[in-house]
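Reproduced below: work-v5.csv, with CSV, C-alpha atoms.
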```csv
chain,number,residue,atom,x,y,z
A,4,MET,CA,-20.7,-26.4,2.7
A,5,TYR,CA,-19.3,-22.9,3.1
A,6,GLN,CA,-17.6,-23.0,-0.3
A,7,GLN,CA,-20.9,-24.1,-2.0
A,8,ASN,CA,-22.8,-21.2,-0.4
A,9,GLU,CA,-20.1,-18.8,-1.5
A,10,ILE,CA,-20.2,-20.1,-5.1
A,11,GLU,CA,-24.0,-19.8,-5.2
A,12,MET,CA,-23.8,-16.2,-3.8
A,13,LYS,CA,-21.3,-15.2,-6.4
A,14,GLY,CA,-23.5,-16.8,-9.1
A,15,ARG,CA,-26.5,-14.8,-8.0
A,16,GLN,CA,-24.4,-11.6,-7.9
A,17,ASP,CA,-23.2,-12.3,-11.5
A,18,ASP,CA,-26.7,-12.9,-12.8
A,19,GLU,CA,-28.4,-9.9,-11.1
A,20,VAL,CA,-27.2,-6.3,-11.2
A,21,GLU,CA,-29.3,-4.1,-8.9
A,22,ILE,CA,-29.1,-0.3,-8.9
A,23,ASP,CA,-30.3,1.6,-5.9
A,24,LEU,CA,-31.8,4.8,-7.4
A,25,PHE,CA,-31.4,6.7,-4.1
A,26,ASP,CA,-27.7,5.9,-4.0
A,27,LEU,CA,-27.3,6.7,-7.7
A,28,PHE,CA,-29.0,10.1,-7.3
A,29,GLY,CA,-26.9,10.7,-4.3
A,30,PHE,CA,-23.8,10.0,-6.4
A,31,TYR,CA,-25.1,12.4,-9.0
A,32,ARG,CA,-25.5,15.0,-6.3
A,33,LYS,CA,-21.9,14.7,-5.3
A,34,LYS,CA,-20.9,15.2,-8.9
A,35,ILE,CA,-23.3,18.1,-9.5
A,36,VAL,CA,-20.5,20.5,-10.4
A,37,TRP,CA,-19.3,18.2,-13.2
A,38,ILE,CA,-22.9,17.7,-14.4
A,39,ILE,CA,-23.4,21.5,-14.7
A,40,ILE,CA,-20.1,22.0,-16.4
A,41,CYS,CA,-20.8,19.3,-19.1
A,42,PHE,CA,-24.3,20.7,-19.6
A,43,LEU,CA,-23.0,24.3,-20.2
A,44,ALA,CA,-20.1,23.0,-22.3
A,45,GLY,CA,-22.4,21.1,-24.6
A,46,ALA,CA,-24.6,24.1,-25.1
A,47,LEU,CA,-21.6,26.4,-25.7
A,48,ILE,CA,-19.9,24.0,-28.2
A,49,ALA,CA,-23.2,23.5,-30.1
A,50,GLY,CA,-23.9,27.2,-30.2
A,51,LEU,CA,-20.4,28.1,-31.5
A,52,ILE,CA,-20.5,25.4,-34.2
A,53,THR,CA,-23.9,26.6,-35.3
A,54,HIS,CA,-22.9,30.3,-35.4
A,55,TYR,CA,-19.4,30.0,-36.9
A,56,ILE,CA,-19.2,26.7,-38.8
A,57,ILE,CA,-22.6,25.8,-40.2
A,58,THR,CA,-23.5,27.9,-43.3
A,59,PRO,CA,-26.9,29.5,-42.9
A,60,LYS,CA,-29.6,28.9,-45.5
A,61,TYR,CA,-32.5,31.1,-46.5
A,62,THR,CA,-36.0,30.2,-47.8
A,63,ALA,CA,-38.0,32.4,-50.2
A,64,THR,CA,-41.6,31.5,-51.0
A,65,SER,CA,-44.0,32.5,-53.8
A,66,LYS,CA,-47.6,31.4,-54.2
A,67,MET,CA,-49.8,30.5,-57.2
A,68,TYR,CA,-53.6,30.6,-57.1
A,69,MET,CA,-55.2,27.8,-59.2
A,70,VAL,CA,-58.6,29.4,-60.0
A,71,SER,CA,-59.3,31.3,-63.2
A,72,SER,CA,-62.6,32.4,-64.7
A,73,SER,CA,-63.3,30.4,-67.9
A,74,SER,CA,-65.7,33.1,-69.0
A,75,GLN,CA,-63.0,35.8,-68.5
A,76,SER,CA,-65.3,37.7,-66.1
A,77,VAL,CA,-66.9,35.5,-63.4
A,78,VAL,CA,-65.6,32.5,-61.5
A,79,ASP,CA,-68.2,29.7,-61.4
A,80,LEU,CA,-68.4,26.4,-59.6
A,81,THR,CA,-66.7,24.6,-62.5
A,82,ASP,CA,-63.7,26.8,-62.3
A,83,LEU,CA,-63.4,26.1,-58.5
A,84,ASN,CA,-63.6,22.4,-59.0
A,85,ILE,CA,-61.0,22.5,-61.8
A,86,GLY,CA,-58.6,24.5,-59.6
A,87,GLN,CA,-59.0,22.1,-56.7
A,88,SER,CA,-58.5,18.9,-58.8
A,89,ILE,CA,-55.5,20.1,-60.8
A,90,SER,CA,-53.5,21.6,-58.0
A,91,LYS,CA,-51.5,18.5,-57.2
A,92,ASP,CA,-51.0,17.9,-60.9
A,93,TYR,CA,-49.5,21.4,-61.2
A,94,VAL,CA,-47.1,20.6,-58.3
A,95,GLU,CA,-45.7,17.5,-60.0
A,96,LEU,CA,-45.5,19.2,-63.4
A,97,LEU,CA,-43.5,22.1,-61.9
A,98,LYS,CA,-40.8,19.5,-61.0
A,99,THR,CA,-40.5,18.3,-64.6
A,100,ARG,CA,-37.2,18.7,-66.4
A,101,PRO,CA,-38.3,21.2,-69.1
A,102,ILE,CA,-39.7,23.6,-66.4
A,103,ILE,CA,-36.7,23.3,-64.1
A,104,GLU,CA,-34.1,23.5,-66.9
A,105,GLY,CA,-35.9,26.5,-68.4
A,106,VAL,CA,-35.6,28.4,-65.1
A,107,ILE,CA,-31.9,27.5,-64.9
A,108,LYS,CA,-31.3,28.8,-68.4
A,109,GLU,CA,-33.3,32.0,-67.9
A,110,GLN,CA,-31.6,32.8,-64.6
A,111,GLY,CA,-28.1,31.8,-65.7
A,112,LEU,CA,-27.7,29.4,-62.8
A,113,GLU,CA,-24.8,27.1,-62.3
A,114,TYR,CA,-27.0,24.3,-60.9
A,115,ASN,CA,-28.0,21.2,-62.8
A,116,TYR,CA,-31.5,19.7,-62.7
A,117,ASN,CA,-31.1,17.5,-59.7
A,118,GLU,CA,-29.3,20.2,-57.6
A,119,LEU,CA,-32.0,22.7,-58.2
A,120,LEU,CA,-34.7,20.2,-57.6
A,121,LYS,CA,-33.3,19.5,-54.1
A,122,MET,CA,-33.6,23.2,-53.3
A,123,LEU,CA,-37.3,23.2,-54.0
A,124,ASN,CA,-40.3,22.4,-51.7
A,125,LEU,CA,-43.5,22.5,-53.6
A,126,SER,CA,-46.8,21.9,-51.9
A,127,VAL,CA,-50.5,22.6,-51.9
A,128,ILE,CA,-51.7,24.6,-48.8
A,129,SER,CA,-54.2,22.4,-46.9
A,130,ASP,CA,-57.9,22.9,-47.9
A,131,THR,CA,-57.0,25.6,-50.5
A,132,ARG,CA,-56.2,25.8,-54.2
A,133,ILE,CA,-52.9,27.7,-53.5
A,134,ILE,CA,-49.6,26.2,-54.5
A,135,GLN,CA,-46.6,27.2,-52.4
A,136,ILE,CA,-43.2,27.4,-54.0
A,137,SER,CA,-40.4,27.5,-51.5
A,138,VAL,CA,-36.7,27.7,-52.5
A,139,THR,CA,-33.9,27.2,-49.9
A,140,GLY,CA,-30.4,28.3,-50.6
A,141,GLU,CA,-27.3,30.0,-49.2
A,142,ASP,CA,-27.9,33.2,-51.1
A,143,PRO,CA,-31.2,34.9,-50.1
A,144,GLU,CA,-31.5,37.0,-53.3
A,145,GLU,CA,-30.9,34.0,-55.5
A,146,ALA,CA,-33.6,32.0,-53.6
A,147,MET,CA,-36.1,34.8,-54.2
A,148,ASN,CA,-35.3,35.0,-57.9
A,149,ILE,CA,-35.7,31.3,-58.4
A,150,ALA,CA,-39.0,31.1,-56.6
A,151,ASN,CA,-40.4,34.0,-58.7
A,152,ALA,CA,-39.0,32.6,-61.9
A,153,LEU,CA,-40.5,29.2,-61.3
A,154,ALA,CA,-43.9,30.7,-60.5
A,155,GLU,CA,-43.9,32.7,-63.7
A,156,LYS,CA,-42.7,29.7,-65.7
A,157,GLY,CA,-45.6,27.7,-64.3
A,158,VAL,CA,-48.1,30.3,-65.2
A,159,LEU,CA,-47.0,30.4,-68.8
A,160,GLU,CA,-46.2,26.8,-69.6
A,161,LEU,CA,-48.4,24.5,-67.5
A,162,PRO,CA,-51.8,25.6,-69.0
A,163,LYS,CA,-50.4,24.7,-72.4
A,164,LEU,CA,-49.5,21.2,-71.2
A,165,MET,CA,-52.8,20.6,-69.5
A,166,GLU,CA,-55.2,22.8,-71.5
A,167,THR,CA,-56.6,24.3,-68.4
A,168,PRO,CA,-57.4,27.9,-67.4
A,169,GLN,CA,-54.3,30.0,-66.6
A,170,PRO,CA,-53.5,30.3,-62.9
A,171,HIS,CA,-52.4,33.5,-61.2
A,172,ILE,CA,-49.4,34.5,-59.1
A,173,ALA,CA,-50.9,35.3,-55.7
A,174,GLU,CA,-47.7,36.4,-54.1
A,175,TYR,CA,-44.2,37.1,-55.3
A,176,ALA,CA,-41.3,36.0,-53.1
A,177,ILE,CA,-39.2,38.6,-51.2
A,178,ILE,CA,-35.6,38.5,-50.0
A,179,PRO,CA,-35.6,36.6,-46.7
A,180,VAL,CA,-34.0,38.5,-43.9
A,181,ASN,CA,-33.5,35.7,-41.3
A,182,PRO,CA,-32.0,32.3,-42.1
A,183,SER,CA,-34.4,29.4,-42.1
A,184,SER,CA,-31.7,27.0,-40.9
A,185,PRO,CA,-29.8,26.2,-38.8
A,186,SER,CA,-31.7,27.2,-35.6
A,187,LEU,CA,-29.3,28.5,-33.0
A,188,THR,CA,-31.7,28.0,-30.1
A,189,ARG,CA,-32.6,24.4,-31.1
A,190,ASN,CA,-29.0,23.3,-31.7
A,191,THR,CA,-27.9,24.9,-28.4
A,192,MET,CA,-30.5,23.0,-26.5
A,193,ILE,CA,-29.6,19.7,-28.3
A,194,GLY,CA,-25.9,20.3,-27.5
A,195,ALA,CA,-26.8,20.9,-23.8
A,196,LEU,CA,-28.8,17.7,-23.6
A,197,LEU,CA,-26.1,15.7,-25.3
A,198,GLY,CA,-23.6,17.0,-22.8
A,199,LEU,CA,-25.9,16.1,-20.0
A,200,LEU,CA,-26.4,12.6,-21.3
A,201,PHE,CA,-22.7,12.2,-21.8
A,202,ILE,CA,-21.7,13.0,-18.3
A,203,LEU,CA,-24.7,11.0,-16.8
A,204,ALA,CA,-23.6,7.9,-18.8
A,205,ILE,CA,-20.0,8.2,-17.5
A,206,LEU,CA,-21.2,8.7,-13.9
A,207,THR,CA,-23.6,5.8,-14.1
A,208,THR,CA,-21.0,3.5,-15.5
A,209,GLN,CA,-18.6,4.6,-12.8
A,210,PHE,CA,-21.2,4.0,-10.1
A,211,MET,CA,-22.0,0.5,-11.4
A,212,LEU,CA,-18.4,-0.5,-11.6
A,213,ASP,CA,-17.6,0.6,-8.1
A,214,ASP,CA,-18.1,-2.5,-6.0
A,215,THR,CA,-16.4,-1.3,-2.8
A,216,PHE,CA,-18.2,-1.3,0.5
A,217,LYS,CA,-18.4,2.2,2.0
A,218,THR,CA,-20.8,1.7,4.9
A,219,ALA,CA,-22.0,-1.0,7.2
A,220,ASP,CA,-25.4,-0.9,5.5
A,221,ASP,CA,-23.7,-1.9,2.2
A,222,ILE,CA,-22.3,-5.1,3.9
A,223,GLU,CA,-25.6,-5.9,5.5
A,224,ARG,CA,-27.4,-5.5,2.2
A,225,GLU,CA,-24.9,-7.5,0.2
A,226,PHE,CA,-24.3,-10.4,2.5
A,227,GLY,CA,-27.1,-10.3,5.0
A,228,VAL,CA,-24.9,-10.1,8.1
A,229,ILE,CA,-24.3,-7.2,10.5
A,230,PRO,CA,-20.6,-6.2,11.0
A,231,LEU,CA,-19.4,-6.5,14.5
A,232,THR,CA,-17.2,-3.3,14.3
A,233,VAL,CA,-16.6,-0.4,12.0
A,234,ILE,CA,-13.2,1.2,11.4
A,235,PRO,CA,-13.6,5.0,11.9
A,236,GLU,CA,-12.9,7.3,9.1
A,237,GLY,CA,-9.6,9.2,9.0
A,238,LYS,CA,-6.0,8.2,9.2
A,239,ILE,CA,-4.9,5.9,12.1
A,240,GLU,CA,-1.8,8.0,12.6
A,241,GLU,CA,-3.9,11.1,13.2
A,242,GLN,CA,-6.2,9.3,15.5
A,243,GLY,CA,-3.2,8.0,17.5
A,244,SER,CA,-1.6,11.5,17.7
A,245,SER,CA,-4.8,13.0,19.0
A,246,ASP,CA,-5.0,10.3,21.7
A,247,ARG,CA,-1.4,11.0,22.8
A,248,LYS,CA,-2.3,14.7,23.1
A,249,LYS,CA,-5.2,13.9,25.4
A,250,ASP,CA,-2.9,11.8,27.5
A,251,ARG,CA,-0.5,14.6,27.9
A,252,ARG,CA,-3.2,16.9,29.1
A,253,LYS,CA,-4.1,14.6,32.0
A,254,PRO,CA,-2.4,15.5,35.3
A,255,ARG,CA,0.0,12.9,36.7
A,256,LYS,CA,-0.3,11.8,40.2
A,257,ARG,CA,2.8,12.2,42.4
A,258,GLY,CA,3.5,9.8,45.2
A,259,ARG,CA,4.1,11.0,48.8
A,260,LYS,CA,7.5,11.0,50.2
A,261,GLY,CA,8.1,8.9,53.2
```
Take the structure from the file and write it as structure tokens.
Amino acid sequence: MYQQNEIEMKGRQDDEVEIDLFDLFGFYRKKIVWIIICFLAGALIAGLITHYIITPKYTATSKMYMVSSSSQSVVDLTDLNIGQSISKDYVELLKTRPIIEGVIKEQGLEYNYNELLKMLNLSVISDTRIIQISVTGEDPEEAMNIANALAEKGVLELPKLMETPQPHIAEYAIIPVNPSSPSLTRNTMIGALLGLLFILAILTTQFMLDDTFKTADDIEREFGVIPLTVIPEGKIEEQGSSDRKKDRRKPRKRGRKG
């Protein structure tokens, strides 16, 4: 009967794994120094990698305005509607091979069509007729030159393809001063969080694998019985030596002589 109960108890223990959150957080508190060290180490490592290893990239942006007066003097409603309807078409045509390869040839670039296309980000600004041409590269001056060259190429070539009024360059790109990527602050925070998650995962695993009983409450919670006695903490030899010292301090009674 006793063996059967013991087997059932072990089966329940294998099937269910319970974690006391208070005990877990208490365990974290004891290891708070390691948690802080890993948090700071993750931030430091990510910051150093971002600053010294990852090559910064710069983004230059030019803008095209897609409205032109068909009468060469006044912009009417028809011109506004045309500009709004063809903006997305212009964005796609700016990505075509003749336009991109024309920019590569004029600027004397060493990129091929696909490489330069990956550096571009063309979009229509929401609720406007303005096309934004962004170029991202490792050389800030080169990125500026490509953005301006692509805008000028679009102004000259696209109206010929679509037989529409000529757009205008609203803004030329300038040399970017600050890198657009990577972000030192963001990467540092990500590194700190990864360091924190790393040490918490290790500590949680260590806590779950530790099945030793440390207090009488652990025995009562696990088996449902109250222990009759508890061994005091500390070494038995030290406890025995302290008891002997107490005995030596007690005065000895001397018998009377007859």
Atomic separation - CA of Phe210 in chain A relative to CA of Phe30 in chain A, Å: 7.5 Å
Cut-off 10 Å around (-22.8, 30.0, -33.1) with all atoms listed in the file: residues as a PyMOL selection string: chain A and resi 47-57+185-188+190-191
Among the residues A:Ser65, A:Arg189, A:Ile103, A:Asp213, the one that comes closest to Asn148 in chain A [using only C-alpha atoms]: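 Using only C-alpha atoms, Asn148 in chain A sits closest to A:Ser65.
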Interatomic distance, CA of Ile107 in chain A to CA of Arg132 in chain A (Å, one decimal):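 Answer for the CA of Ile107 in chain A to CA of Arg132 in chain A separation: 26.6 Å.
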Minimum-distance residue to Ile193 in chain A, chosen among A:Phe28, A:Gln110, A:Leu43, A:Lys33 (using only C-alpha atoms): A:Leu43
Separation of CA of Met122 in chain A from CA of Ser137 in chain A in Å: 8.2 Å
Residue nearest Pro179 in chain A - candidates A:Ala63, A:Val106, A:Val158, A:Leu96, atoms counted: all atoms listed in the file: A:Ala63
Pick from A:Leu27, A:Glu118, A:Ser90, A:Ile40, whichever lies nearest to Asp130 in chain A using only C-alpha atoms: A:Ser90
Exercise on range 101-107 of chain A, axis-aligned box with 8 Å per side, report centre and edge lengths in Å to one decimal, as AutoDock Vina command-line options:
```
--center_x -35.8 --center_y 24.8 --center_z -66.6 --size_x 23.8 --size_y 23.2 --size_z 21.0
```
Which of A:Leu153, A:Leu161, A:Ala204, A:Leu123 sits closest to Tyr93 in chain A [using all atoms listed in the file]: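 When distances to Tyr93 in chain A are compared using all atoms listed in the file, the smallest one comes from A:Leu161.
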Minimum-distance residue to Arg32 in chain A, chosen among A:Leu97, A:Leu125, A:Leu203, A:Met211 (using only C-alpha atoms):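 Checking each candidate against Arg32 in chain A, we get A:Leu203 as the closest.
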Selection as JSON, numbers by chain: residues within 10 Å of (-52.8, 26.9, -52.8), counting only C-alpha atoms: {"A": [66, 67, 68, 69, 70, 86, 87, 90, 91, 126, 127, 128, 129, 130, 131, 132, 133, 134, 135, 136, 173]}
